[in-house]
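**Q** Here you go, this is input_36.cif (mmCIF, N, CA and C atoms).
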```cif
data_final
#
loop_
_atom_site.label_atom_id
_atom_site.label_comp_id
_atom_site.auth_asym_id
_atom_site.auth_seq_id
_atom_site.Cartn_x
_atom_site.Cartn_y
_atom_site.Cartn_z
N MET Y 214 101.76 84.96 109.36
CA MET Y 214 102.50 86.18 109.61
C MET Y 214 101.53 87.37 109.56
N SER Y 215 101.66 88.26 110.51
CA SER Y 215 100.73 89.39 110.58
C SER Y 215 101.27 90.61 109.85
N ARG Y 216 100.34 91.48 109.48
CA ARG Y 216 100.67 92.73 108.82
C ARG Y 216 100.66 93.86 109.84
N LYS Y 217 101.60 94.78 109.69
CA LYS Y 217 101.65 95.97 110.53
C LYS Y 217 101.52 97.18 109.60
N ILE Y 218 100.57 98.04 109.89
CA ILE Y 218 100.36 99.23 109.07
C ILE Y 218 101.30 100.33 109.55
N ILE Y 219 102.02 100.93 108.62
CA ILE Y 219 102.94 102.02 108.91
C ILE Y 219 102.27 103.32 108.49
N SER Y 220 102.30 104.31 109.39
CA SER Y 220 101.66 105.59 109.09
C SER Y 220 102.41 106.71 109.78
N THR Y 221 102.51 107.85 109.12
CA THR Y 221 103.15 109.01 109.71
C THR Y 221 102.51 110.29 109.18
N ALA Y 222 102.43 111.29 110.04
CA ALA Y 222 101.93 112.60 109.63
C ALA Y 222 102.99 113.36 108.85
N ALA Y 223 104.23 112.86 108.82
CA ALA Y 223 105.32 113.52 108.10
C ALA Y 223 105.27 113.25 106.59
N ALA Y 224 104.32 112.43 106.17
CA ALA Y 224 104.08 112.15 104.75
C ALA Y 224 102.59 112.36 104.50
N PRO Y 225 102.21 112.60 103.25
CA PRO Y 225 100.78 112.83 102.97
C PRO Y 225 99.91 111.67 103.44
N ALA Y 226 98.77 112.02 104.00
CA ALA Y 226 97.80 111.00 104.40
C ALA Y 226 97.30 110.29 103.15
N ALA Y 227 96.96 109.02 103.32
CA ALA Y 227 96.42 108.25 102.20
C ALA Y 227 95.14 108.92 101.71
N ILE Y 228 95.02 109.05 100.38
CA ILE Y 228 93.84 109.70 99.80
C ILE Y 228 92.96 108.67 99.08
N GLY Y 229 93.03 107.46 99.53
CA GLY Y 229 92.25 106.38 98.93
C GLY Y 229 92.24 105.18 99.84
N THR Y 230 91.93 104.05 99.26
CA THR Y 230 91.83 102.81 100.03
C THR Y 230 93.18 102.09 100.07
N TYR Y 231 94.13 102.72 100.73
CA TYR Y 231 95.47 102.13 100.87
C TYR Y 231 96.13 102.68 102.13
N SER Y 232 97.22 102.07 102.52
CA SER Y 232 98.03 102.52 103.65
C SER Y 232 99.32 103.11 103.12
N GLN Y 233 99.95 103.98 103.89
CA GLN Y 233 101.24 104.54 103.47
C GLN Y 233 102.26 103.42 103.27
N ALA Y 234 102.22 102.43 104.14
CA ALA Y 234 103.11 101.27 104.01
C ALA Y 234 102.55 100.13 104.85
N VAL Y 235 102.94 98.93 104.46
CA VAL Y 235 102.54 97.72 105.20
C VAL Y 235 103.81 96.89 105.42
N GLN Y 236 104.02 96.50 106.67
CA GLN Y 236 105.16 95.65 107.01
C GLN Y 236 104.68 94.23 107.24
N VAL Y 237 105.36 93.29 106.62
CA VAL Y 237 105.13 91.87 106.83
C VAL Y 237 106.50 91.26 107.10
N GLY Y 238 106.70 90.78 108.31
CA GLY Y 238 108.02 90.28 108.68
C GLY Y 238 109.02 91.41 108.61
N ASP Y 239 110.13 91.18 107.93
CA ASP Y 239 111.18 92.19 107.78
C ASP Y 239 111.03 93.01 106.50
N THR Y 240 109.91 92.85 105.80
CA THR Y 240 109.72 93.56 104.53
C THR Y 240 108.66 94.63 104.69
N VAL Y 241 108.97 95.83 104.18
CA VAL Y 241 108.04 96.96 104.21
C VAL Y 241 107.71 97.32 102.77
N TYR Y 242 106.43 97.29 102.45
CA TYR Y 242 105.94 97.65 101.12
C TYR Y 242 105.38 99.07 101.21
N MET Y 243 106.07 100.00 100.56
CA MET Y 243 105.68 101.41 100.63
C MET Y 243 104.81 101.77 99.43
N SER Y 244 103.68 102.44 99.71
CA SER Y 244 102.81 102.90 98.64
C SER Y 244 103.49 104.02 97.86
N GLY Y 245 102.98 104.24 96.66
CA GLY Y 245 103.51 105.31 95.83
C GLY Y 245 103.31 106.68 96.48
N GLN Y 246 104.32 107.51 96.33
CA GLN Y 246 104.26 108.88 96.84
C GLN Y 246 104.37 109.84 95.66
N ILE Y 247 103.54 110.87 95.69
CA ILE Y 247 103.62 111.94 94.70
C ILE Y 247 104.07 113.20 95.43
N GLY Y 248 104.17 114.29 94.73
CA GLY Y 248 104.72 115.52 95.29
C GLY Y 248 103.76 116.33 96.15
N LEU Y 249 103.00 115.66 97.00
CA LEU Y 249 102.11 116.36 97.91
C LEU Y 249 102.86 116.79 99.16
N ASP Y 250 102.66 118.04 99.55
CA ASP Y 250 103.19 118.54 100.81
C ASP Y 250 102.30 117.97 101.92
N PRO Y 251 102.87 117.25 102.89
CA PRO Y 251 102.02 116.62 103.90
C PRO Y 251 101.29 117.63 104.79
N ALA Y 252 101.82 118.83 104.93
CA ALA Y 252 101.17 119.83 105.78
C ALA Y 252 99.94 120.43 105.13
N THR Y 253 100.00 120.61 103.81
CA THR Y 253 98.89 121.28 103.11
C THR Y 253 98.08 120.35 102.23
N MET Y 254 98.63 119.17 101.95
CA MET Y 254 98.05 118.20 101.00
C MET Y 254 97.87 118.82 99.61
N GLN Y 255 98.72 119.80 99.29
CA GLN Y 255 98.73 120.42 97.98
C GLN Y 255 99.99 119.98 97.24
N MET Y 256 99.89 119.89 95.91
CA MET Y 256 101.01 119.50 95.08
C MET Y 256 102.02 120.64 95.04
N VAL Y 257 103.31 120.32 95.23
CA VAL Y 257 104.35 121.33 95.06
C VAL Y 257 104.51 121.62 93.58
N GLU Y 258 105.03 122.78 93.25
CA GLU Y 258 105.12 123.23 91.86
C GLU Y 258 106.42 122.81 91.19
N GLY Y 259 106.32 122.30 89.97
CA GLY Y 259 107.50 122.01 89.15
C GLY Y 259 108.08 120.64 89.38
N ILE Y 260 108.73 120.14 88.34
CA ILE Y 260 109.27 118.78 88.40
C ILE Y 260 110.36 118.62 89.45
N ASP Y 261 111.26 119.58 89.57
CA ASP Y 261 112.35 119.43 90.55
C ASP Y 261 111.81 119.38 91.97
N ALA Y 262 110.88 120.27 92.30
CA ALA Y 262 110.28 120.28 93.64
C ALA Y 262 109.48 119.01 93.88
N GLN Y 263 108.81 118.51 92.86
CA GLN Y 263 108.04 117.28 93.02
C GLN Y 263 108.95 116.08 93.27
N ILE Y 264 110.05 116.01 92.56
CA ILE Y 264 110.98 114.88 92.76
C ILE Y 264 111.49 114.90 94.20
N VAL Y 265 111.92 116.05 94.68
CA VAL Y 265 112.42 116.16 96.06
C VAL Y 265 111.32 115.78 97.05
N ARG Y 266 110.12 116.28 96.84
CA ARG Y 266 109.01 115.99 97.76
C ARG Y 266 108.68 114.51 97.77
N VAL Y 267 108.72 113.86 96.61
CA VAL Y 267 108.47 112.41 96.53
C VAL Y 267 109.46 111.66 97.42
N PHE Y 268 110.74 111.99 97.30
CA PHE Y 268 111.73 111.27 98.09
C PHE Y 268 111.69 111.67 99.56
N ASP Y 269 111.34 112.93 99.86
CA ASP Y 269 111.14 113.31 101.26
C ASP Y 269 109.98 112.52 101.87
N ASN Y 270 108.90 112.35 101.10
CA ASN Y 270 107.76 111.58 101.58
C ASN Y 270 108.12 110.12 101.81
N LEU Y 271 108.84 109.52 100.85
CA LEU Y 271 109.27 108.12 101.02
C LEU Y 271 110.18 107.99 102.24
N LYS Y 272 111.08 108.95 102.40
CA LYS Y 272 112.00 108.94 103.55
C LYS Y 272 111.22 108.98 104.86
N ALA Y 273 110.19 109.82 104.93
CA ALA Y 273 109.39 109.94 106.15
C ALA Y 273 108.68 108.62 106.47
N VAL Y 274 108.16 107.96 105.47
CA VAL Y 274 107.48 106.67 105.69
C VAL Y 274 108.50 105.62 106.11
N ALA Y 275 109.66 105.62 105.48
CA ALA Y 275 110.72 104.67 105.87
C ALA Y 275 111.09 104.87 107.34
N GLU Y 276 111.25 106.13 107.73
CA GLU Y 276 111.60 106.43 109.13
C GLU Y 276 110.50 105.97 110.08
N ALA Y 277 109.25 106.10 109.68
CA ALA Y 277 108.13 105.64 110.52
C ALA Y 277 108.19 104.12 110.70
N ALA Y 278 108.82 103.43 109.76
CA ALA Y 278 108.98 101.98 109.84
C ALA Y 278 110.26 101.60 110.59
N GLY Y 279 111.00 102.60 111.08
CA GLY Y 279 112.25 102.33 111.78
C GLY Y 279 113.40 102.05 110.84
N ALA Y 280 113.33 102.60 109.63
CA ALA Y 280 114.33 102.32 108.60
C ALA Y 280 114.80 103.62 107.95
N THR Y 281 115.62 103.47 106.94
CA THR Y 281 116.04 104.58 106.08
C THR Y 281 115.83 104.12 104.65
N LEU Y 282 115.99 105.03 103.71
CA LEU Y 282 115.87 104.64 102.31
C LEU Y 282 117.00 103.71 101.88
N ASN Y 283 118.06 103.63 102.66
CA ASN Y 283 119.12 102.68 102.33
C ASN Y 283 118.72 101.24 102.62
N HIS Y 284 117.55 101.04 103.23
CA HIS Y 284 116.99 99.70 103.39
C HIS Y 284 116.21 99.27 102.15
N ALA Y 285 116.07 100.18 101.17
CA ALA Y 285 115.31 99.87 99.96
C ALA Y 285 116.03 98.83 99.12
N VAL Y 286 115.28 97.83 98.68
CA VAL Y 286 115.82 96.83 97.77
C VAL Y 286 115.24 97.00 96.37
N LYS Y 287 114.11 97.73 96.26
CA LYS Y 287 113.46 97.94 94.96
C LYS Y 287 112.74 99.28 95.00
N VAL Y 288 112.93 100.07 93.96
CA VAL Y 288 112.25 101.35 93.80
C VAL Y 288 111.64 101.38 92.41
N ASN Y 289 110.41 101.83 92.34
CA ASN Y 289 109.73 102.03 91.05
C ASN Y 289 109.47 103.52 90.89
N ILE Y 290 109.83 104.05 89.72
CA ILE Y 290 109.62 105.46 89.40
C ILE Y 290 108.65 105.53 88.24
N TYR Y 291 107.69 106.43 88.35
CA TYR Y 291 106.71 106.66 87.28
C TYR Y 291 106.80 108.13 86.88
N LEU Y 292 107.03 108.38 85.60
CA LEU Y 292 107.18 109.75 85.10
C LEU Y 292 106.22 110.01 83.95
N THR Y 293 105.61 111.19 83.95
CA THR Y 293 104.76 111.55 82.82
C THR Y 293 105.59 112.02 81.64
N ASP Y 294 106.89 112.29 81.87
CA ASP Y 294 107.81 112.67 80.80
C ASP Y 294 109.17 112.05 81.11
N LEU Y 295 109.56 111.03 80.35
CA LEU Y 295 110.83 110.35 80.61
C LEU Y 295 112.04 111.23 80.39
N ALA Y 296 111.86 112.40 79.80
CA ALA Y 296 112.96 113.37 79.66
C ALA Y 296 113.43 113.84 81.04
N ASN Y 297 112.61 113.65 82.07
CA ASN Y 297 112.98 114.05 83.44
C ASN Y 297 113.73 112.95 84.20
N PHE Y 298 114.04 111.86 83.53
CA PHE Y 298 114.71 110.74 84.18
C PHE Y 298 116.06 111.13 84.77
N ALA Y 299 116.85 111.95 84.06
CA ALA Y 299 118.16 112.37 84.58
C ALA Y 299 118.00 113.17 85.86
N ARG Y 300 116.94 113.97 85.96
CA ARG Y 300 116.69 114.74 87.18
C ARG Y 300 116.39 113.80 88.36
N VAL Y 301 115.66 112.74 88.08
CA VAL Y 301 115.38 111.75 89.13
C VAL Y 301 116.68 111.12 89.59
N ASN Y 302 117.55 110.75 88.66
CA ASN Y 302 118.84 110.16 89.03
C ASN Y 302 119.64 111.08 89.93
N GLU Y 303 119.72 112.36 89.57
CA GLU Y 303 120.47 113.34 90.37
C GLU Y 303 119.92 113.41 91.79
N THR Y 304 118.62 113.46 91.92
CA THR Y 304 118.00 113.58 93.23
C THR Y 304 118.14 112.29 94.03
N MET Y 305 117.97 111.14 93.37
CA MET Y 305 118.12 109.86 94.08
C MET Y 305 119.48 109.73 94.73
N ALA Y 306 120.51 110.27 94.08
CA ALA Y 306 121.87 110.17 94.63
C ALA Y 306 121.99 110.89 95.97
N LYS Y 307 121.08 111.81 96.26
CA LYS Y 307 121.10 112.53 97.53
C LYS Y 307 120.36 111.77 98.63
N TYR Y 308 119.56 110.79 98.26
CA TYR Y 308 118.74 110.05 99.22
C TYR Y 308 119.18 108.61 99.44
N PHE Y 309 119.94 108.05 98.50
CA PHE Y 309 120.37 106.65 98.56
C PHE Y 309 121.88 106.61 98.44
N SER Y 310 122.48 105.62 99.11
CA SER Y 310 123.91 105.40 98.95
C SER Y 310 124.14 103.99 98.41
N GLN Y 311 125.33 103.75 97.92
CA GLN Y 311 125.65 102.44 97.36
C GLN Y 311 125.72 101.40 98.46
N PRO Y 312 125.33 100.18 98.20
CA PRO Y 312 124.81 99.68 96.93
C PRO Y 312 123.37 100.14 96.73
N PHE Y 313 123.08 100.67 95.55
CA PHE Y 313 121.77 101.21 95.24
C PHE Y 313 120.74 100.09 95.08
N PRO Y 314 119.47 100.41 95.33
CA PRO Y 314 118.43 99.39 95.15
C PRO Y 314 118.19 99.09 93.67
N ALA Y 315 117.55 97.99 93.40
CA ALA Y 315 117.07 97.73 92.04
C ALA Y 315 116.02 98.79 91.74
N ARG Y 316 115.85 99.09 90.44
CA ARG Y 316 114.92 100.16 90.10
C ARG Y 316 114.31 99.95 88.73
N ALA Y 317 113.08 100.41 88.59
CA ALA Y 317 112.42 100.48 87.29
C ALA Y 317 111.96 101.92 87.12
N ALA Y 318 112.00 102.40 85.90
CA ALA Y 318 111.47 103.72 85.56
C ALA Y 318 110.50 103.53 84.40
N VAL Y 319 109.30 104.02 84.58
CA VAL Y 319 108.23 103.79 83.62
C VAL Y 319 107.62 105.12 83.21
N GLY Y 320 107.44 105.30 81.91
CA GLY Y 320 106.71 106.46 81.41
C GLY Y 320 105.23 106.17 81.43
N VAL Y 321 104.46 107.09 81.99
CA VAL Y 321 103.01 106.92 82.10
C VAL Y 321 102.31 108.14 81.52
N LYS Y 322 101.07 107.95 81.12
CA LYS Y 322 100.30 109.04 80.54
C LYS Y 322 99.98 110.11 81.57
N GLU Y 323 99.51 109.69 82.74
CA GLU Y 323 99.19 110.64 83.79
C GLU Y 323 99.25 109.96 85.15
N LEU Y 324 99.31 110.80 86.19
CA LEU Y 324 99.39 110.33 87.57
C LEU Y 324 98.32 111.05 88.40
N PRO Y 325 98.00 110.52 89.58
CA PRO Y 325 97.00 111.16 90.42
C PRO Y 325 97.32 112.62 90.72
N ARG Y 326 96.27 113.42 90.80
CA ARG Y 326 96.35 114.84 91.18
C ARG Y 326 97.24 115.66 90.24
N GLY Y 327 97.46 115.17 89.03
CA GLY Y 327 98.28 115.90 88.07
C GLY Y 327 99.77 115.84 88.34
N ALA Y 328 100.19 114.89 89.17
CA ALA Y 328 101.61 114.75 89.51
C ALA Y 328 102.44 114.47 88.26
N LEU Y 329 103.68 114.90 88.31
CA LEU Y 329 104.62 114.65 87.22
C LEU Y 329 105.49 113.43 87.48
N VAL Y 330 105.57 113.02 88.75
CA VAL Y 330 106.41 111.90 89.15
C VAL Y 330 105.79 111.21 90.36
N GLU Y 331 105.98 109.90 90.43
CA GLU Y 331 105.55 109.11 91.59
C GLU Y 331 106.62 108.04 91.81
N ALA Y 332 106.80 107.63 93.05
CA ALA Y 332 107.74 106.55 93.34
C ALA Y 332 107.21 105.72 94.50
N ASP Y 333 107.51 104.43 94.45
CA ASP Y 333 107.23 103.54 95.57
C ASP Y 333 108.48 102.72 95.83
N ALA Y 334 108.49 102.00 96.93
CA ALA Y 334 109.69 101.23 97.27
C ALA Y 334 109.33 100.04 98.15
N VAL Y 335 110.23 99.07 98.15
CA VAL Y 335 110.18 97.93 99.06
C VAL Y 335 111.44 97.98 99.90
N LEU Y 336 111.26 97.93 101.22
CA LEU Y 336 112.39 97.94 102.15
C LEU Y 336 112.53 96.58 102.80
N VAL Y 337 113.76 96.20 103.10
CA VAL Y 337 114.01 95.00 103.90
C VAL Y 337 114.79 95.46 105.13
N LEU Y 338 114.22 95.21 106.30
CA LEU Y 338 114.82 95.64 107.56
C LEU Y 338 115.81 94.59 108.06
N GLY Y 339 116.67 95.04 108.94
CA GLY Y 339 117.60 94.10 109.57
C GLY Y 339 118.94 94.03 108.93
#
```
Before we go any further, please render this structure as structure tokens.

**A**
Amino acid sequence: MSRKIISTAAAPAAIGTYSQAVQVGDTVYMSGQIGLDPATMQMVEGIDAQIVRVFDNLKAVAEAAGATLNHAVKVNIYLTDLANFARVNETMAKYFSQPFPARAAVGVKELPRGALVEADAVLVLG
């Protein structure tokens, strides 16, 4: 089975040795997204803006794969402060509809570029 690289200018360009997403068969593995504005490659300010930007970035990559975030079967959330978990829940409700994907939320010491939140996802198409 071959791999297809998914890429879009509507999400931040990869800043390392990775792709925005890789599709194998009907499964799309999306790399982690932080609160970078794709136009400026600068971090947006504040936790609320970063959460929205993270999901906007994931949405853009999903769309580049011909999908929506409702194709997500698994989402991983990484937070530098788990006190912000409720804010993530509120924002996720605007991007996903039921049945919701499986999810993990993990507290981490730090994230790239000083981000406060990061998320990745696995989509299944079809």

**Q** Just checking: using all atoms listed in the file, which residue out of Y:Ile260, Y:Val237, Y:Ile228, Y:Leu249 ends up closest to Ser215 of chain Y?

**A** Y:Val237

**Q** Apply the PyMOL selection byres ((chain Y and resi 271) around 8) to the structure shown and report the selected residues as a PyMOL selection string.

**A** chain Y and resi 223-225+243-247+265-270+272-277+281-282+332-334

**Q** Choose the residue, out of Y:Ala328, Y:Asn289, Y:Ala296, Y:Leu338, that has the smallest atom-to-atom separation from Arg316 of chain Y; count only N, CA and C atoms.

**A** Y:Asn289

**Q** Return the single residue from Y:Val241, Y:Ala226, Y:Ala278, Y:Val235 that is closest to Met254 of chain Y, with distances computed using only C-alpha atoms.

**A**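 Answer, going by the shortest atom-to-atom distance: Y:Ala226.
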
**Q** Do a neighbour search on Phe298 of chain Y at 10 Å with only C-alpha atoms, toss out local chain neighbours closer than 6 positions, and write the hits as a list in words.

**A**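 Selected residues are Ile290, Tyr291, Leu292, Ala318, Val319, Gly320 and Val330 of chain Y.
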
**Q** Can you list what the PyMOL selection byres (((chain Y and resi 309 and name CA) around 12) and name CA) grabs from this structure, as an MDAnalysis selection string?

**A** chainID Y and resid 268:269 271:272 281:288 301:308 310:316

**Q** Only N, CA and C atoms, please: the residues just picked out, written as an mmCIF file, in the coordinates of the input.

**A**
```
data_model
loop_
_atom_site.group_PDB
_atom_site.id
_atom_site.type_symbol
_atom_site.label_atom_id
_atom_site.label_comp_id
_atom_site.auth_asym_id
_atom_site.auth_seq_id
_atom_site.Cartn_x
_atom_site.Cartn_y
_atom_site.Cartn_z
ATOM 1 N N PHE Y 268 110.740 111.990 97.300
ATOM 2 C CA PHE Y 268 111.730 111.270 98.090
ATOM 3 C C PHE Y 268 111.690 111.670 99.560
ATOM 4 N N ASP Y 269 111.340 112.930 99.860
ATOM 5 C CA ASP Y 269 111.140 113.310 101.260
ATOM 6 C C ASP Y 269 109.980 112.520 101.870
ATOM 7 N N LEU Y 271 108.840 109.520 100.850
ATOM 8 C CA LEU Y 271 109.270 108.120 101.020
ATOM 9 C C LEU Y 271 110.180 107.990 102.240
ATOM 10 N N LYS Y 272 111.080 108.950 102.400
ATOM 11 C CA LYS Y 272 112.000 108.940 103.550
ATOM 12 C C LYS Y 272 111.220 108.980 104.860
ATOM 13 N N THR Y 281 115.620 103.470 106.940
ATOM 14 C CA THR Y 281 116.040 104.580 106.080
ATOM 15 C C THR Y 281 115.830 104.120 104.650
ATOM 16 N N LEU Y 282 115.990 105.030 103.710
ATOM 17 C CA LEU Y 282 115.870 104.640 102.310
ATOM 18 C C LEU Y 282 117.000 103.710 101.880
ATOM 19 N N ASN Y 283 118.060 103.630 102.660
ATOM 20 C CA ASN Y 283 119.120 102.680 102.330
ATOM 21 C C ASN Y 283 118.720 101.240 102.620
ATOM 22 N N HIS Y 284 117.550 101.040 103.230
ATOM 23 C CA HIS Y 284 116.990 99.700 103.390
ATOM 24 C C HIS Y 284 116.210 99.270 102.150
ATOM 25 N N ALA Y 285 116.070 100.180 101.170
ATOM 26 C CA ALA Y 285 115.310 99.870 99.960
ATOM 27 C C ALA Y 285 116.030 98.830 99.120
ATOM 28 N N VAL Y 286 115.280 97.830 98.680
ATOM 29 C CA VAL Y 286 115.820 96.830 97.770
ATOM 30 C C VAL Y 286 115.240 97.000 96.370
ATOM 31 N N LYS Y 287 114.110 97.730 96.260
ATOM 32 C CA LYS Y 287 113.460 97.940 94.960
ATOM 33 C C LYS Y 287 112.740 99.280 95.000
ATOM 34 N N VAL Y 288 112.930 100.070 93.960
ATOM 35 C CA VAL Y 288 112.250 101.350 93.800
ATOM 36 C C VAL Y 288 111.640 101.380 92.410
ATOM 37 N N VAL Y 301 115.660 112.740 88.080
ATOM 38 C CA VAL Y 301 115.380 111.750 89.130
ATOM 39 C C VAL Y 301 116.680 111.120 89.590
ATOM 40 N N ASN Y 302 117.550 110.750 88.660
ATOM 41 C CA ASN Y 302 118.840 110.160 89.030
ATOM 42 C C ASN Y 302 119.640 111.080 89.930
ATOM 43 N N GLU Y 303 119.720 112.360 89.570
ATOM 44 C CA GLU Y 303 120.470 113.340 90.370
ATOM 45 C C GLU Y 303 119.920 113.410 91.790
ATOM 46 N N THR Y 304 118.620 113.460 91.920
ATOM 47 C CA THR Y 304 118.000 113.580 93.230
ATOM 48 C C THR Y 304 118.140 112.290 94.030
ATOM 49 N N MET Y 305 117.970 111.140 93.370
ATOM 50 C CA MET Y 305 118.120 109.860 94.080
ATOM 51 C C MET Y 305 119.480 109.730 94.730
ATOM 52 N N ALA Y 306 120.510 110.270 94.080
ATOM 53 C CA ALA Y 306 121.870 110.170 94.630
ATOM 54 C C ALA Y 306 121.990 110.890 95.970
ATOM 55 N N LYS Y 307 121.080 111.810 96.260
ATOM 56 C CA LYS Y 307 121.100 112.530 97.530
ATOM 57 C C LYS Y 307 120.360 111.770 98.630
ATOM 58 N N TYR Y 308 119.560 110.790 98.260
ATOM 59 C CA TYR Y 308 118.740 110.050 99.220
ATOM 60 C C TYR Y 308 119.180 108.610 99.440
ATOM 61 N N SER Y 310 122.480 105.620 99.110
ATOM 62 C CA SER Y 310 123.910 105.400 98.950
ATOM 63 C C SER Y 310 124.140 103.990 98.410
ATOM 64 N N GLN Y 311 125.330 103.750 97.920
ATOM 65 C CA GLN Y 311 125.650 102.440 97.360
ATOM 66 C C GLN Y 311 125.720 101.400 98.460
ATOM 67 N N PRO Y 312 125.330 100.180 98.200
ATOM 68 C CA PRO Y 312 124.810 99.680 96.930
ATOM 69 C C PRO Y 312 123.370 100.140 96.730
ATOM 70 N N PHE Y 313 123.080 100.670 95.550
ATOM 71 C CA PHE Y 313 121.770 101.210 95.240
ATOM 72 C C PHE Y 313 120.740 100.090 95.080
ATOM 73 N N PRO Y 314 119.470 100.410 95.330
ATOM 74 C CA PRO Y 314 118.430 99.390 95.150
ATOM 75 C C PRO Y 314 118.190 99.090 93.670
ATOM 76 N N ALA Y 315 117.550 97.990 93.400
ATOM 77 C CA ALA Y 315 117.070 97.730 92.040
ATOM 78 C C ALA Y 315 116.020 98.790 91.740
ATOM 79 N N ARG Y 316 115.850 99.090 90.440
ATOM 80 C CA ARG Y 316 114.920 100.160 90.100
ATOM 81 C C ARG Y 316 114.310 99.950 88.730
#
```

**Q** Would you return as a PyMOL selection string the members of chain Y that DSSP assigns to alpha helix (DSSP H) on this structure's backbone?

**A** chain Y and resi 260-277+298-308

**Q** For segment 227-238 of chain Y, where the input has fewer atoms than it should, I would like N, CA, C and O atoms rebuilt and written as a compact mmCIF listing (two decimals), in the frame of the given file.

**A**
```txt
# COMPACT_ATOMS: atom_id res chain seq x y z
N ALA Y 227 96.96 109.02 103.32
CA ALA Y 227 96.42 108.25 102.20
C ALA Y 227 95.14 108.92 101.71
O ALA Y 227 94.29 109.33 102.50
N ILE Y 228 95.02 109.05 100.38
CA ILE Y 228 93.84 109.70 99.80
C ILE Y 228 92.96 108.67 99.08
O ILE Y 228 92.25 109.01 98.16
N GLY Y 229 93.03 107.46 99.53
CA GLY Y 229 92.25 106.38 98.93
C GLY Y 229 92.24 105.18 99.84
O GLY Y 229 92.54 105.27 101.03
N THR Y 230 91.93 104.05 99.26
CA THR Y 230 91.83 102.81 100.03
C THR Y 230 93.18 102.09 100.07
O THR Y 230 93.34 101.02 99.49
N TYR Y 231 94.13 102.72 100.73
CA TYR Y 231 95.47 102.13 100.87
C TYR Y 231 96.13 102.68 102.13
O TYR Y 231 95.64 103.65 102.73
N SER Y 232 97.22 102.07 102.52
CA SER Y 232 98.03 102.52 103.65
C SER Y 232 99.32 103.11 103.12
O SER Y 232 99.77 102.77 102.02
N GLN Y 233 99.95 103.98 103.89
CA GLN Y 233 101.24 104.54 103.47
C GLN Y 233 102.26 103.42 103.27
O GLN Y 233 103.07 103.47 102.35
N ALA Y 234 102.22 102.43 104.14
CA ALA Y 234 103.11 101.27 104.01
C ALA Y 234 102.55 100.13 104.85
O ALA Y 234 101.80 100.35 105.80
N VAL Y 235 102.94 98.93 104.46
CA VAL Y 235 102.54 97.72 105.20
C VAL Y 235 103.81 96.89 105.42
O VAL Y 235 104.56 96.63 104.47
N GLN Y 236 104.02 96.50 106.67
CA GLN Y 236 105.16 95.65 107.01
C GLN Y 236 104.68 94.23 107.24
O GLN Y 236 103.71 94.00 107.97
N VAL Y 237 105.36 93.29 106.62
CA VAL Y 237 105.13 91.87 106.83
C VAL Y 237 106.50 91.26 107.10
O VAL Y 237 107.38 91.28 106.24
N GLY Y 238 106.70 90.78 108.31
CA GLY Y 238 108.02 90.28 108.68
C GLY Y 238 109.02 91.41 108.61
O GLY Y 238 108.79 92.50 109.14
```
